Protein chains: 2
Amino acid sequence: MASKLPVSPLAPASFPRLPEIGGVEFSAIAAGVRYQGRTDVMLVRLAPGTSVAGVFTRSATRAAPVLDCEAKLALAATPGAGAAILVNSGNANAFTGANGASAVAEICAAVASAVDVPESRVYTASTGVIGERLPVDRITAAIGALAATLSPTGIEQAALAIMTTDTFAKGSQVQVDLPGGPVRIAGIAKGSGMIAPDMATMLVYIFTDADIAQPCLQQMLSQLTETTFNAITVDGDTSTSDSLILAATGAAGVPQIHDAASAEGKAFQAGLEQVMTDLAQQVVRDGEGATKFVEIAVTGAQSAADAKAVAMSVANSPLVKTAFAGEDPNWGRIVAAVGKSGAVADRDRLSIRFGDILVAEKGWVSPDYVEDDAAAYMKGQDLRVGIDLGLGEGAFTAWTCDLTAQYIAINADYRS
Amino acid sequence: MASKLPVSPLAPASFPRLPEIGGVEFSAIAAGVRYQGRTDVMLVRLAPGTSVAGVFTRSATRAAPVLDCEAKLALAATPGAGAAILVNSGNANAFTGANGASAVAEICAAVASAVDVPESRVYTASTGVIGERLPVDRITAAIGALAATLSPTGIEQAALAIMTTDTFAKGSQVQVDLPGGPVRIAGIAKGSGMIAPDMATMLVYIFTDADIAQPCLQQMLSQLTETTFNAITVDGDTSTSDSLILAATGAAGVPQIHDAASAEGKAFQAGLEQVMTDLAQQVVRDGEGATKFVEIAVTGAQSAADAKAVAMSVANSPLVKTAFAGEDPNWGRIVAAVGKSGAVADRDRLSIRFGDILVAEKGWVSPDYVEDDAAAYMKGQDLRVGIDLGLGEGAFTAWTCDLTAQYIAINADYRS
């Protein structure tokens, strides 16, 4: 299925050149989990001493690999030990009963043995169809070859191996100049549908050669997730498997960051936010059937929570999203989505902009509004809707895409 | 637009034969509000002494007619006076600033004068495009002709006049045999998209010749709305204009009902529930682009609120709804929708049925499950998904439809 879809018109021109991150090696293989003729399992080995943090879907029906990762990250990490990440595409190992957990245990044991790390430091994820037994044997049979081919340059191959209905591989990087010297951050992601907040959205793996104490790393990751991966939506649906893991190897030899609020901590977070925002936006740009990337910027809400409620209500509204698909500046549907959000709103203080075009203010269409201008604006590929509630200081920005007939075609046929 | 759409494949064979309700007269006219060549304004006159109750959208950006109806119903009704309802299609008179309220006032004054009722007992609604000025003059110019053609037999014409993208007129009726004699209930509705709970969903007008004290009538209406119009969803979106008005004329000459918990009160409510459920389901059957009608029956939740959260999460999931469109028994997506609902759920107690087919139980696919059977079941037009959470006694049933490419086509083009 994946390979049959045309590349999203919103895709970046190419996969970015990602730096090697000291202490991180990658490999990928075609294990035949479900797809034929493509890679579908990736392995990452992390050097001894690496700090690992994670955020995961909040679904009440979380998949077995997610439950396993959460349990392992809640334990104190084994100091000094190495770690590993193994991910397969094609099968989510979700809602597979007791079999799901035993599959995870088998894979973790095999990985631990092959790359010489404790089982408690092996993190897995599975993405694809729910409710079918994971073909564990095909994965464990591939682990020897994966371990033998680990390479610091394999990150793009890893990004390709974790794709499902993705039409392009997603990567991002930044260099941060800390007082003690430069550190690098490089990340990959997969995800194209079933993307909504209230979760750690999709599969995302980010690596850095900075040295960061684990509690500080976890704090930074959790906080930045709210305004990056939890600010995107494709269809409002939530997967049972979404995982984001951030690993800091310390290989750059720069002094350790212990405190997120320190100057170094803030500098690192700014870089991390850039990578997380970029990857999150790439996921939206690969939204199933998407032809428009849309930023929904809400200001003037009574609270940040209200701003987020409005932004996500608009970003998830099927009527708003189909209007984008039709290149229709249908601001009435935005008013309706603001109204249903549950946030405090006053129709007569509300203003709406498409890009720089003031569409509506004070409860009605702006006297200067020319619909032809807005219609021309809507023909663009990257759109921005500004919504000011006129009530306070609360602000939130969400990213979404349009809802097209192609979304239906992809999802009505996905298992076929 | 409306007339160009093919009739929903889920439509009833014909508009039902609705009884005359003593004290209620209808008329309809082509006033040219927006559409050409079809009726677009309806008028209802209610005899003196009629009790009127209403429920309305909870949107924070409610349209002017909704605000006006709410204010009037919050007042003590003028005892003994008649009442009137005027509804136009084509223009929602929503987000039209101060102009919206003055348009409502003009129309109410004209109706009050034409049919000799107090302005405080004239209820209006407008449905259609948001944010455009209502052409009040065309409506007020038609009121004389509407008043002159009122007839007890005009209910089907009224149902036709309030349609927008509806593909069939919606009506329902029942006779209730109270101890004091028979009473009749007849109702009409419009609605096909933008239908979600948290509101009084769409435009619905229900009439009875029972005699019911107003507070009791309101109590019955509010309570039954929760399990009827607030249990349906087409696209999870919420309109700024949705209104449900229930009028009891007392013309049957049967003793007044004061107490919803009395035997007569319960008997009447059972009949009212039947009409409200039927109309609500007809709205789903006219869901934009719908080809499947789907009942989502949740049982075994820890609470009724949890059951409703699960039912609506499944009923609103684009991934579940596209799977129905594809006739794919993709129960994994149902598991995911249960998980994201926010309700307490235990994967290993969850069971899922398609019709009578047990699909999944105890956290995995049932050993007796044969996917070909489920695939054959999904080819039906009326489907039922049973979800038992295995945790308690909470239950809720929701109704939804599939999500098809036709939904996108209708909504991407609606204003064009």
# chains A, B, ... in the order shown; residues from 1 in each chain; ligands from 1
>>> calpha_fit_and_write(fixed="chain B", moving="chain A", output="compact mmCIF listing (two decimals) with C-alpha atoms, in the first residue's frame")
# COMPACT_ATOMS: atom_id res chain seq x y z
CA MET A 1 -27.38 22.68 -4.52
CA ALA A 2 -30.00 20.81 -2.54
CA SER A 3 -32.00 19.68 -5.49
CA LYS A 4 -28.94 18.46 -7.41
CA LEU A 5 -28.02 15.77 -4.90
CA PRO A 6 -29.32 12.26 -5.45
CA VAL A 7 -31.67 11.00 -2.74
CA SER A 8 -29.77 9.17 -0.01
CA PRO A 9 -29.77 5.38 -0.47
CA LEU A 10 -30.69 5.21 3.22
CA ALA A 11 -33.89 7.28 2.84
CA PRO A 12 -37.26 5.82 3.85
CA ALA A 13 -39.43 4.75 0.92
CA SER A 14 -41.67 7.78 1.25
CA PHE A 15 -42.65 10.68 3.48
CA PRO A 16 -45.00 9.25 6.12
CA ARG A 17 -48.68 10.10 6.27
CA LEU A 18 -48.80 12.57 9.17
CA PRO A 19 -52.01 13.20 11.08
CA GLU A 20 -53.49 16.65 11.38
CA ILE A 21 -52.83 18.08 14.83
CA GLY A 22 -55.67 20.22 16.10
CA GLY A 23 -54.55 23.79 16.65
CA VAL A 24 -51.62 23.66 14.21
CA GLU A 25 -51.61 25.11 10.69
CA PHE A 26 -48.79 25.26 8.15
CA SER A 27 -47.87 27.14 5.01
CA ALA A 28 -44.80 27.35 2.79
CA ILE A 29 -43.67 29.64 -0.01
CA ALA A 30 -40.85 30.24 -2.48
CA ALA A 31 -39.54 33.59 -1.26
CA GLY A 32 -36.24 33.50 -3.14
CA VAL A 33 -34.06 33.80 -0.02
CA ARG A 34 -31.23 32.07 -1.85
CA TYR A 35 -32.53 29.16 -3.89
CA GLN A 36 -34.56 29.48 -7.05
CA GLY A 37 -37.52 27.32 -7.99
CA ARG A 38 -38.27 25.84 -4.58
CA THR A 39 -40.01 26.76 -1.34
CA ASP A 40 -37.76 28.23 1.30
CA VAL A 41 -39.92 29.76 4.04
CA MET A 42 -42.43 27.99 6.24
CA LEU A 43 -44.92 29.41 8.71
CA VAL A 44 -46.69 27.57 11.53
CA ARG A 45 -49.58 29.03 13.51
CA LEU A 46 -50.33 27.54 16.93
CA ALA A 47 -53.71 28.00 18.58
CA PRO A 48 -54.18 30.06 21.76
CA GLY A 49 -53.19 28.12 24.87
CA THR A 50 -50.44 26.10 23.22
CA SER A 51 -47.49 25.18 25.48
CA VAL A 52 -44.13 25.64 23.76
CA ALA A 53 -40.77 24.10 24.79
CA GLY A 54 -37.39 24.22 23.07
CA VAL A 55 -33.79 23.04 23.08
CA PHE A 56 -31.02 24.74 21.12
CA THR A 57 -27.41 24.46 20.03
CA ARG A 58 -24.89 24.99 22.82
CA SER A 59 -22.49 26.74 20.46
CA ALA A 60 -20.84 29.86 21.88
CA THR A 61 -21.46 31.51 18.50
CA ARG A 62 -25.21 30.88 18.38
CA ALA A 63 -27.11 32.60 15.60
CA ALA A 64 -29.43 35.54 16.23
CA PRO A 65 -32.69 33.54 15.85
CA VAL A 66 -31.47 31.02 18.44
CA LEU A 67 -30.64 33.75 20.94
CA ASP A 68 -34.08 35.26 20.35
CA CYS A 69 -35.91 31.95 20.86
CA GLU A 70 -33.96 31.19 24.02
CA ALA A 71 -34.79 34.58 25.48
CA LYS A 72 -38.49 34.21 24.67
CA LEU A 73 -38.77 30.70 26.09
CA ALA A 74 -37.03 31.81 29.28
CA LEU A 75 -39.84 34.33 29.83
CA ALA A 76 -43.07 33.10 31.28
CA ALA A 77 -45.20 32.38 28.22
CA THR A 78 -48.14 34.72 27.75
CA PRO A 79 -51.01 32.55 29.02
CA GLY A 80 -53.72 31.91 26.55
CA ALA A 81 -52.00 33.53 23.60
CA GLY A 82 -51.37 31.89 20.28
CA ALA A 83 -47.88 31.40 18.90
CA ALA A 84 -46.08 31.12 15.56
CA ILE A 85 -42.94 29.65 14.05
CA LEU A 86 -41.26 31.02 10.94
CA VAL A 87 -38.27 29.29 9.37
CA ASN A 88 -36.27 30.13 6.27
CA SER A 89 -33.69 28.00 4.49
CA GLY A 90 -30.76 29.23 2.38
CA ASN A 91 -29.30 31.71 4.84
CA ALA A 92 -28.50 31.06 8.53
CA ASN A 93 -28.52 34.69 9.68
CA ALA A 94 -25.54 33.69 11.79
CA PHE A 95 -22.45 35.83 12.45
CA THR A 96 -24.21 38.79 10.91
CA GLY A 97 -23.45 41.22 13.76
CA ALA A 98 -26.12 43.62 15.01
CA ASN A 99 -27.87 43.15 11.69
CA GLY A 100 -28.75 39.59 12.67
CA ALA A 101 -30.81 40.61 15.69
CA SER A 102 -32.59 43.41 13.87
CA ALA A 103 -33.52 41.01 11.08
CA VAL A 104 -35.09 38.66 13.61
CA ALA A 105 -37.01 41.54 15.22
CA GLU A 106 -38.37 42.70 11.86
CA ILE A 107 -39.54 39.22 10.94
CA CYS A 108 -41.12 38.58 14.33
CA ALA A 109 -43.02 41.88 14.19
CA ALA A 110 -44.33 41.09 10.73
CA VAL A 111 -45.41 37.57 11.71
CA ALA A 112 -47.04 38.76 14.95
CA SER A 113 -49.07 41.28 13.05
CA ALA A 114 -50.03 38.90 10.23
CA VAL A 115 -51.27 36.03 12.42
CA ASP A 116 -52.30 38.02 15.48
CA VAL A 117 -50.01 36.58 18.16
CA PRO A 118 -47.73 38.42 20.60
CA GLU A 119 -44.20 39.06 19.27
CA SER A 120 -42.92 37.30 22.40
CA ARG A 121 -44.54 34.11 21.09
CA VAL A 122 -43.02 34.20 17.60
CA TYR A 123 -40.09 31.78 17.20
CA THR A 124 -37.84 31.86 14.16
CA ALA A 125 -34.97 29.86 12.74
CA SER A 126 -32.72 30.33 9.75
CA THR A 127 -30.59 27.63 8.14
CA GLY A 128 -28.03 27.82 5.40
CA VAL A 129 -24.91 29.85 4.71
CA ILE A 130 -23.32 31.68 7.65
CA GLY A 131 -22.12 35.27 7.55
CA GLU A 132 -24.27 36.71 4.80
CA ARG A 133 -26.93 39.33 5.45
CA LEU A 134 -30.41 37.82 5.58
CA PRO A 135 -32.61 39.27 2.82
CA VAL A 136 -35.29 40.31 5.31
CA ASP A 137 -37.42 42.14 2.77
CA ARG A 138 -37.97 39.01 0.69
CA ILE A 139 -39.15 37.17 3.80
CA THR A 140 -41.40 39.91 5.18
CA ALA A 141 -42.87 40.41 1.70
CA ALA A 142 -43.95 36.75 1.74
CA ILE A 143 -45.59 36.75 5.17
CA GLY A 144 -48.97 37.98 3.98
CA ALA A 145 -49.23 35.14 1.49
CA LEU A 146 -48.00 32.65 4.08
CA ALA A 147 -50.63 33.78 6.58
CA ALA A 148 -53.34 33.59 3.95
CA THR A 149 -52.54 30.01 2.97
CA LEU A 150 -52.23 28.38 6.41
CA SER A 151 -53.73 24.92 6.46
CA PRO A 152 -53.88 21.99 8.89
CA THR A 153 -52.68 19.71 6.08
CA GLY A 154 -49.55 21.64 5.10
CA ILE A 155 -46.97 19.80 7.21
CA GLU A 156 -45.18 18.02 4.36
CA GLN A 157 -44.83 21.30 2.46
CA ALA A 158 -43.33 22.80 5.62
CA ALA A 159 -40.84 19.91 5.85
CA LEU A 160 -39.80 20.51 2.25
CA ALA A 161 -39.36 24.27 2.69
CA ILE A 162 -36.78 23.94 5.49
CA MET A 163 -34.43 21.59 3.60
CA THR A 164 -30.90 22.70 2.62
CA THR A 165 -28.57 19.89 1.48
CA ASP A 166 -31.18 17.39 2.67
CA THR A 167 -32.06 14.86 0.00
CA PHE A 168 -35.41 13.90 1.49
CA ALA A 169 -38.02 15.51 3.74
CA LYS A 170 -38.21 14.05 7.23
CA GLY A 171 -41.39 13.33 9.14
CA SER A 172 -42.62 11.00 11.85
CA GLN A 173 -45.79 10.43 13.85
CA VAL A 174 -47.32 8.33 16.56
CA GLN A 175 -50.66 8.08 18.33
CA VAL A 176 -50.59 7.66 22.09
CA ASP A 177 -53.63 6.25 23.88
CA LEU A 178 -53.84 8.11 27.15
CA PRO A 179 -56.42 7.16 29.82
CA GLY A 180 -58.44 10.23 28.80
CA GLY A 181 -58.32 9.41 25.11
CA PRO A 182 -55.93 9.33 22.16
CA VAL A 183 -53.45 12.11 21.39
CA ARG A 184 -51.30 12.49 18.33
CA ILE A 185 -47.66 13.56 17.90
CA ALA A 186 -46.30 14.63 14.50
CA GLY A 187 -42.87 16.04 13.77
CA ILE A 188 -40.67 17.23 10.94
CA ALA A 189 -36.92 17.76 10.77
CA LYS A 190 -34.16 18.90 8.49
CA GLY A 191 -30.47 18.17 8.71
CA SER A 192 -27.87 16.28 6.78
CA GLY A 193 -24.40 17.49 7.79
CA MET A 194 -22.84 19.40 10.70
CA ILE A 195 -24.68 17.11 13.03
CA ALA A 196 -23.19 16.30 16.40
CA PRO A 197 -24.21 16.14 19.98
CA ASP A 198 -23.73 18.90 22.53
CA MET A 199 -26.58 20.65 20.87
CA ALA A 200 -30.24 20.37 20.00
CA THR A 201 -29.18 19.16 16.60
CA MET A 202 -30.62 20.60 13.41
CA LEU A 203 -34.11 22.03 12.91
CA VAL A 204 -36.88 19.93 14.39
CA TYR A 205 -40.53 20.86 14.97
CA ILE A 206 -42.83 18.52 16.83
CA PHE A 207 -46.52 19.10 17.46
CA THR A 208 -49.05 17.33 19.63
CA ASP A 209 -52.71 17.81 20.49
CA ALA A 210 -52.05 16.60 24.03
CA ASP A 211 -52.45 19.18 26.79
CA ILE A 212 -49.19 19.46 28.69
CA ALA A 213 -48.12 22.09 31.20
CA GLN A 214 -45.15 24.02 29.84
CA PRO A 215 -42.61 23.13 32.57
CA CYS A 216 -43.45 19.47 32.19
CA LEU A 217 -43.22 19.73 28.39
CA GLN A 218 -39.78 21.35 28.66
CA GLN A 219 -38.57 18.72 31.10
CA MET A 220 -39.64 15.85 28.84
CA LEU A 221 -38.06 17.48 25.79
CA SER A 222 -34.74 18.23 27.45
CA GLN A 223 -34.43 14.75 28.88
CA LEU A 224 -35.30 12.88 25.69
CA THR A 225 -32.97 15.04 23.62
CA GLU A 226 -29.96 13.45 25.34
CA THR A 227 -30.67 9.96 24.02
CA THR A 228 -32.11 10.96 20.64
CA PHE A 229 -30.82 14.09 18.90
CA ASN A 230 -27.72 14.23 21.12
CA ALA A 231 -26.96 10.60 20.27
CA ILE A 232 -26.47 11.13 16.55
CA THR A 233 -23.49 12.34 14.61
CA VAL A 234 -22.68 12.77 10.97
CA ASP A 235 -19.37 14.61 11.09
CA GLY A 236 -18.90 15.75 14.67
CA ASP A 237 -19.46 19.34 13.67
CA THR A 238 -21.92 21.61 15.44
CA SER A 239 -24.05 24.27 13.84
CA THR A 240 -24.70 27.74 15.16
CA SER A 241 -28.42 27.44 14.46
CA ASP A 242 -29.76 24.11 15.62
CA SER A 243 -33.19 24.26 17.21
CA LEU A 244 -35.88 21.88 18.34
CA ILE A 245 -39.31 23.22 19.24
CA LEU A 246 -42.11 21.13 20.72
CA ALA A 247 -45.64 22.56 20.87
CA ALA A 248 -48.62 21.04 22.68
CA THR A 249 -51.97 22.53 21.68
CA GLY A 250 -54.30 20.57 23.94
CA ALA A 251 -56.82 20.32 21.09
CA ALA A 252 -57.46 16.62 21.72
CA GLY A 253 -59.45 17.56 24.82
CA VAL A 254 -57.65 15.06 27.01
CA PRO A 255 -56.88 16.11 30.61
CA GLN A 256 -53.66 18.07 31.07
CA ILE A 257 -50.40 16.31 31.95
CA HIS A 258 -48.54 18.13 34.72
CA ASP A 259 -46.11 15.49 35.85
CA ALA A 260 -43.64 13.66 33.62
CA ALA A 261 -43.49 10.81 36.15
CA SER A 262 -47.27 10.17 36.12
CA ALA A 263 -48.68 7.24 34.15
CA GLU A 264 -49.97 9.63 31.45
CA GLY A 265 -46.66 11.48 31.47
CA LYS A 266 -44.73 8.29 30.94
CA ALA A 267 -47.06 7.10 28.20
CA PHE A 268 -46.74 10.41 26.39
CA GLN A 269 -42.95 10.39 26.75
CA ALA A 270 -42.73 6.91 25.27
CA GLY A 271 -44.54 8.19 22.18
CA LEU A 272 -42.46 11.35 22.04
CA GLU A 273 -39.27 9.32 22.31
CA GLN A 274 -40.37 7.21 19.37
CA VAL A 275 -40.93 10.27 17.18
CA MET A 276 -37.69 11.94 18.31
CA THR A 277 -35.66 8.76 17.75
CA ASP A 278 -37.17 8.26 14.32
CA LEU A 279 -36.49 11.85 13.25
CA ALA A 280 -32.94 11.75 14.66
CA GLN A 281 -32.22 8.54 12.78
CA GLN A 282 -33.66 10.02 9.58
CA VAL A 283 -31.22 12.89 9.94
CA VAL A 284 -28.34 10.40 10.08
CA ARG A 285 -29.82 8.52 7.12
CA ASP A 286 -29.49 11.76 5.17
CA GLY A 287 -25.90 12.31 6.34
CA GLU A 288 -23.99 13.94 3.55
CA GLY A 289 -22.66 11.22 1.27
CA ALA A 290 -23.83 8.43 3.61
CA THR A 291 -24.25 4.92 2.25
CA LYS A 292 -24.44 3.05 5.59
CA PHE A 293 -26.52 3.66 8.73
CA VAL A 294 -24.61 2.45 11.78
CA GLU A 295 -25.78 1.87 15.34
CA ILE A 296 -23.06 1.93 17.98
CA ALA A 297 -24.36 0.18 21.11
CA VAL A 298 -22.08 0.44 24.11
CA THR A 299 -22.69 -1.60 27.27
CA GLY A 300 -20.73 -2.57 30.34
CA ALA A 301 -19.20 0.86 30.96
CA GLN A 302 -18.37 2.09 34.45
CA SER A 303 -20.91 4.90 34.00
CA ALA A 304 -23.46 6.20 31.52
CA ALA A 305 -21.13 9.11 30.80
CA ASP A 306 -18.31 6.71 29.95
CA ALA A 307 -20.64 4.73 27.70
CA LYS A 308 -21.61 7.89 25.86
CA ALA A 309 -17.95 8.96 25.54
CA VAL A 310 -17.07 5.61 23.97
CA ALA A 311 -20.11 5.55 21.68
CA MET A 312 -19.49 9.06 20.39
CA SER A 313 -15.73 8.51 20.03
CA VAL A 314 -16.39 5.51 17.81
CA ALA A 315 -19.28 7.20 15.99
CA ASN A 316 -17.12 10.24 15.21
CA SER A 317 -13.87 8.50 14.30
CA PRO A 318 -12.99 9.26 10.66
CA LEU A 319 -11.01 6.03 10.50
CA VAL A 320 -13.95 3.94 11.73
CA LYS A 321 -16.33 5.78 9.40
CA THR A 322 -14.10 5.33 6.34
CA ALA A 323 -13.76 1.63 7.19
CA PHE A 324 -17.58 1.36 7.08
CA ALA A 325 -17.50 3.10 3.71
CA GLY A 326 -14.98 0.50 2.52
CA GLU A 327 -17.10 -2.36 3.96
CA ASP A 328 -14.02 -3.34 5.95
CA PRO A 329 -14.65 -5.08 9.32
CA ASN A 330 -11.66 -3.20 10.72
CA TRP A 331 -12.27 -3.74 14.40
CA GLY A 332 -8.75 -2.52 15.23
CA ARG A 333 -9.93 1.01 14.49
CA ILE A 334 -12.82 0.50 16.92
CA VAL A 335 -10.35 -0.54 19.60
CA ALA A 336 -8.35 2.61 18.90
CA ALA A 337 -11.47 4.79 19.11
CA VAL A 338 -12.44 3.19 22.44
CA GLY A 339 -8.93 3.88 23.69
CA LYS A 340 -8.97 7.56 22.81
CA SER A 341 -12.44 8.22 24.25
CA GLY A 342 -11.21 9.17 27.69
CA ALA A 343 -13.47 6.54 29.28
CA VAL A 344 -12.15 3.87 31.63
CA ALA A 345 -11.42 0.80 29.50
CA ASP A 346 -9.52 -2.42 29.99
CA ARG A 347 -8.26 -3.88 26.76
CA ASP A 348 -8.50 -7.38 28.17
CA ARG A 349 -12.21 -7.09 29.10
CA LEU A 350 -13.35 -5.45 25.90
CA SER A 351 -15.54 -7.33 23.45
CA ILE A 352 -16.72 -6.19 20.03
CA ARG A 353 -19.54 -7.48 17.86
CA PHE A 354 -20.57 -6.69 14.29
CA GLY A 355 -24.27 -7.54 14.33
CA ASP A 356 -24.39 -10.95 16.02
CA ILE A 357 -20.81 -11.80 15.06
CA LEU A 358 -18.45 -11.86 18.04
CA VAL A 359 -15.27 -10.32 16.65
CA ALA A 360 -13.02 -9.72 19.59
CA GLU A 361 -13.00 -10.53 23.27
CA LYS A 362 -10.50 -10.58 26.13
CA GLY A 363 -8.01 -8.37 24.36
CA TRP A 364 -7.82 -10.26 21.12
CA VAL A 365 -9.71 -11.59 18.14
CA SER A 366 -12.26 -14.26 19.08
CA PRO A 367 -11.16 -17.83 18.28
CA ASP A 368 -14.48 -18.35 16.46
CA TYR A 369 -14.16 -15.23 14.35
CA VAL A 370 -14.22 -15.74 10.60
CA GLU A 371 -13.34 -12.56 8.80
CA ASP A 372 -15.28 -13.50 5.68
CA ASP A 373 -18.48 -13.55 7.77
CA ALA A 374 -17.79 -10.07 9.07
CA ALA A 375 -16.91 -8.84 5.60
CA ALA A 376 -20.24 -10.18 4.30
CA TYR A 377 -22.07 -8.48 7.18
CA MET A 378 -20.41 -5.14 6.37
CA LYS A 379 -21.96 -5.17 2.91
CA GLY A 380 -25.35 -4.49 4.51
CA GLN A 381 -26.84 -1.02 4.59
CA ASP A 382 -27.92 -0.99 8.24
CA LEU A 383 -25.10 -2.03 10.54
CA ARG A 384 -24.74 -2.49 14.27
CA VAL A 385 -21.54 -2.44 16.30
CA GLY A 386 -21.79 -3.80 19.84
CA ILE A 387 -19.07 -2.80 22.27
CA ASP A 388 -19.07 -4.26 25.77
CA LEU A 389 -16.49 -2.82 28.14
CA GLY A 390 -17.02 -5.52 30.74
CA LEU A 391 -16.70 -3.11 33.64
CA GLY A 392 -20.15 -2.05 34.84
CA GLU A 393 -23.71 -1.16 33.93
CA GLY A 394 -23.26 2.03 31.89
CA ALA A 395 -24.91 1.89 28.46
CA PHE A 396 -25.48 4.29 25.57
CA THR A 397 -26.47 3.88 21.95
CA ALA A 398 -25.37 6.30 19.24
CA TRP A 399 -26.20 6.46 15.55
CA THR A 400 -23.86 7.49 12.80
CA CYS A 401 -23.16 6.95 9.11
CA ASP A 402 -20.13 6.15 7.01
CA LEU A 403 -17.71 8.79 5.70
CA THR A 404 -17.44 8.73 1.93
CA ALA A 405 -15.78 10.69 -0.82
CA GLN A 406 -19.20 12.14 -1.57
CA TYR A 407 -19.14 13.90 1.83
CA ILE A 408 -15.98 15.68 0.74
CA ALA A 409 -17.42 16.57 -2.65
CA ILE A 410 -20.56 18.07 -1.09
CA ASN A 411 -18.69 20.08 1.51
CA ALA A 412 -15.80 21.23 -0.62
CA ASP A 413 -18.32 22.77 -3.02
CA TYR A 414 -21.16 23.87 -0.75
CA ARG A 415 -20.87 27.63 -1.18
CA SER A 416 -19.88 27.53 -4.85
>>> select_by_dssp(residues="segment 4-127 of chain A", states="strand (DSSP E or B)", output="count of residues only")
33
>>> select_by_dssp(residues="segment 210-246 of chain A", states="helix (DSSP H, G or I)", output="PyMOL selection string")
chain A and resi 214-227+229-231
